[in-house]
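Source file: input_38.csv (CSV, C-alpha atoms)
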chain,number,residue,atom,x,y,z
T,1,MET,CA,35.9,-14.8,19.9
T,2,GLU,CA,38.3,-13.7,22.7
T,3,GLU,CA,36.8,-16.4,24.9
T,4,ALA,CA,37.4,-18.9,22.2
T,5,GLY,CA,41.1,-18.0,22.2
T,6,PHE,CA,41.5,-15.3,19.7
T,7,PRO,CA,43.9,-12.5,20.9
T,8,HIS,CA,42.3,-9.1,21.4
T,9,ASP,CA,45.4,-7.1,20.5
T,10,SER,CA,46.7,-8.9,17.4
T,11,GLY,CA,45.5,-10.9,14.5
T,12,PRO,CA,42.0,-10.8,12.9
T,13,LEU,CA,40.2,-9.6,16.0
T,14,ALA,CA,42.6,-6.6,16.4
T,15,VAL,CA,42.2,-5.7,12.7
T,16,MET,CA,38.4,-5.8,13.0
T,17,LEU,CA,38.3,-3.8,16.2
T,18,ALA,CA,40.6,-1.1,14.7
T,19,GLU,CA,38.3,-0.9,11.7
T,20,HIS,CA,35.3,-0.5,14.1
T,21,GLU,CA,37.1,2.5,15.7
T,22,ALA,CA,38.0,4.0,12.3
T,23,GLY,CA,34.3,3.7,11.2
T,24,ARG,CA,33.2,5.3,14.4
T,25,GLN,CA,35.5,8.3,13.8
T,26,ALA,CA,34.1,8.8,10.4
T,27,VAL,CA,30.5,8.6,11.7
T,28,ARG,CA,31.3,11.0,14.5
T,29,GLY,CA,32.6,13.5,12.0
T,30,LEU,CA,29.4,13.1,9.9
T,31,LEU,CA,27.3,13.5,13.0
T,32,GLU,CA,29.1,16.7,13.9
T,33,ILE,CA,28.5,18.1,10.5
T,34,GLY,CA,24.9,17.0,10.5
T,35,ALA,CA,24.2,18.6,13.9
T,36,GLY,CA,24.5,22.0,12.3
T,37,SER,CA,21.7,23.9,10.6
T,38,GLY,CA,21.2,25.4,7.2
T,39,SER,CA,23.2,24.5,4.1
T,40,LEU,CA,26.6,23.0,4.3
T,41,SER,CA,29.6,25.3,3.9
T,42,GLU,CA,32.3,24.5,1.4
T,43,VAL,CA,34.4,23.2,4.2
T,44,GLU,CA,31.6,21.0,5.6
T,45,SER,CA,30.8,19.7,2.1
T,46,ALA,CA,34.5,18.8,1.7
T,47,ARG,CA,34.6,17.1,5.1
T,48,THR,CA,31.5,15.2,4.3
T,49,ILE,CA,33.0,13.9,1.1
T,50,GLU,CA,36.2,13.0,3.0
T,51,TYR,CA,34.4,11.1,5.7
T,52,THR,CA,32.2,9.2,3.3
T,53,GLY,CA,35.1,8.5,1.1
T,54,GLN,CA,36.8,6.9,4.1
T,55,PHE,CA,33.7,5.2,5.5
T,56,VAL,CA,32.1,3.6,2.4
T,57,PRO,CA,35.2,1.6,1.3
T,58,LEU,CA,36.1,0.8,4.9
T,59,LEU,CA,32.6,-0.6,5.6
T,60,TYR,CA,32.5,-2.6,2.3
T,61,ALA,CA,35.9,-4.2,3.0
T,62,HIS,CA,35.1,-4.8,6.7
T,63,ILE,CA,31.9,-6.7,5.8
T,64,GLN,CA,33.8,-8.8,3.3
T,65,LYS,CA,36.3,-9.7,6.0
T,66,GLU,CA,33.6,-10.5,8.5
T,67,ASN,CA,31.7,-12.7,6.0
T,68,ASN,CA,34.8,-14.4,4.4
T,69,ILE,CA,37.3,-14.6,7.2
T,70,LEU,CA,36.0,-13.9,10.7
T,71,TYR,CA,32.7,-15.6,10.6
T,72,PRO,CA,34.1,-18.8,9.1
T,73,MET,CA,36.9,-18.8,11.7
T,74,ALA,CA,34.3,-18.4,14.5
T,75,GLN,CA,32.2,-21.3,13.1
T,76,LYS,CA,35.2,-23.5,13.2
T,77,THR,CA,36.3,-22.4,16.7
T,78,ILE,CA,33.2,-21.8,18.8
T,79,PRO,CA,31.2,-24.9,19.8
T,80,PRO,CA,27.9,-25.2,17.9
T,81,GLN,CA,25.6,-24.6,20.9
T,82,GLU,CA,27.5,-21.5,21.9
T,83,PHE,CA,27.6,-20.3,18.3
T,84,ASP,CA,23.8,-20.7,18.0
T,85,ARG,CA,23.3,-18.8,21.3
T,86,LEU,CA,25.5,-16.0,19.9
T,87,ASP,CA,23.6,-16.0,16.7
T,88,GLN,CA,20.3,-15.6,18.5
T,89,SER,CA,21.7,-12.9,20.7
T,90,CYS,CA,22.9,-10.9,17.6
T,91,GLU,CA,19.5,-11.3,16.0
T,92,ALA,CA,17.8,-10.0,19.2
T,93,PHE,CA,20.2,-7.0,19.3
T,94,ASP,CA,19.6,-6.2,15.7
T,95,LEU,CA,15.8,-6.2,16.3
T,96,GLU,CA,16.2,-4.0,19.3
T,97,VAL,CA,18.4,-1.5,17.5
T,98,ARG,CA,16.6,-1.2,14.3
T,99,GLY,CA,13.1,-1.6,15.7
T,100,ARG,CA,10.6,-2.7,13.1
T,101,LEU,CA,12.5,-1.3,10.2
T,102,ASP,CA,13.2,-4.2,7.9
T,103,ALA,CA,15.3,-4.4,4.7
T,104,ALA,CA,12.5,-2.9,2.6
T,105,GLY,CA,12.2,-0.1,5.2
T,106,PHE,CA,15.9,0.6,5.0
T,107,LYS,CA,15.7,0.7,1.2
T,108,GLU,CA,12.8,3.2,1.4
T,109,LEU,CA,14.8,5.3,3.8
T,110,ALA,CA,17.9,5.2,1.6
T,111,ALA,CA,15.8,6.2,-1.5
T,112,GLU,CA,14.3,9.1,0.5
T,113,LEU,CA,17.7,10.3,1.5
T,114,ALA,CA,19.0,10.0,-2.0
T,115,ARG,CA,16.0,12.1,-3.3
T,116,ARG,CA,16.6,14.7,-0.6
T,117,TYR,CA,20.3,14.9,-0.9
T,118,PRO,CA,21.3,14.0,-4.5
T,119,ALA,CA,24.9,12.8,-4.9
T,120,ASP,CA,27.5,14.7,-6.7
T,121,PRO,CA,28.2,12.5,-9.8
T,122,ALA,CA,31.9,13.3,-9.5
T,123,HIS,CA,32.0,11.4,-6.2
T,124,LEU,CA,29.8,8.4,-7.0
T,125,ALA,CA,32.7,6.2,-8.0
T,126,VAL,CA,33.8,6.1,-4.4
T,127,GLY,CA,30.7,4.0,-3.4
T,128,SER,CA,30.1,2.4,-6.8
T,129,SER,CA,30.6,-1.1,-5.3
T,130,CYS,CA,28.4,-0.4,-2.3
T,131,ALA,CA,25.6,-2.9,-2.0
T,132,LEU,CA,23.1,-0.3,-1.0
T,133,ILE,CA,23.5,1.6,-4.3
T,134,ALA,CA,23.1,-1.6,-6.2
T,135,ALA,CA,20.0,-2.5,-4.2
T,136,MET,CA,18.4,0.8,-5.0
T,137,ASP,CA,18.8,0.4,-8.8
Can you turn what I pasted into structure tokens?
Amino acid sequence: MEEAGFPHDSGPLAVMLAEHEAGRQAVRGLLEIGAGSGSLSEVESARTIEYTGQFVPLLYAHIQKENNILYPMAQKTIPPQEFDRLDQSCEAFDLEVRGRLDAAGFKELAAELARRYPADPAHLAVGSSCALIAAMD
């Protein structure tokens, strides 16, 4: 989108990039906690709730912005042939990153994680509008 004239350091692109970094920080925190062994301490549990409490709403809002603001802006700005090339490139990247795990595989993985690590009902409201939770029902 930068090549199409969107500024990197202001406007929609800057907002999205800042959200990417905020998401990465939350994931890094979760990875740090997950790298330990044994049961989580009270501090680790609290930090996990804090990180997920930040990440879930951030991700949900971010996807809404991508779908309803950024993607339509890109479609209007980027020439159709280039847009198709980008679309194919993104699809190839997705396949490379996720391997052969399709939507059904992700749902199965999510269900297994939910069975292994049941959620504390007191904290479910934070992710109540998360599409993954709805998809698992």
Give me, as a ChimeraX atom specification, all polymer residues having an atom no more than 12 Å from T:Gly34, counting only C-alpha atoms and skipping those fewer than 4 positions away in the same chain.
/T:27-30,38-41,44-45,47-48
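For stretch 7-15 of chain T, the list of residues within 12 Å, based on only C-alpha atoms and with local chain neighbours fewer than 2 positions off taken out, reads Met1, Glu2, Glu3, Ala4, Gly5, Leu17, Ala18, Glu19, His20, Glu21, Ala22, Leu58, Ala61, His62, Lys65, Glu66, Asn68, Ile69, Leu70, Tyr71, Pro72, Met73 and Ala74 of chain T.
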What is the distance, in Å and to one decimal place, between atom CA of T:Ala114 and atom CA of T:Ile49?
14.9 Å
Interatomic distance (Å, one decimal) between atom CA of T:Ala26 and atom CA of T:Glu91:
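Computed distance, atom CA of T:Ala26 to atom CA of T:Glu91, equals 25.5 Å.
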T:Gln75, T:Asp94, T:Tyr51, T:Gln81 ranked by distance to T:Glu32, top pick (using all atoms listed in the file)
T:Tyr51
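Taking only C-alpha atoms into account, T:Tyr60 lies nearest to T:Gly23 out of the set T:Gly99, T:Pro121, T:Gly105, T:Gly23.
Minimum atom-to-atom distances from T:Ala46, T:Glu112, T:Lys76, T:Gly53 to T:Ile33 were compared using only C-alpha atoms, and the lowest value belongs to T:Ala46.
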Atom CA of T:Ala92 sits from atom CA of T:Ala104 at a separation of 18.8 Å
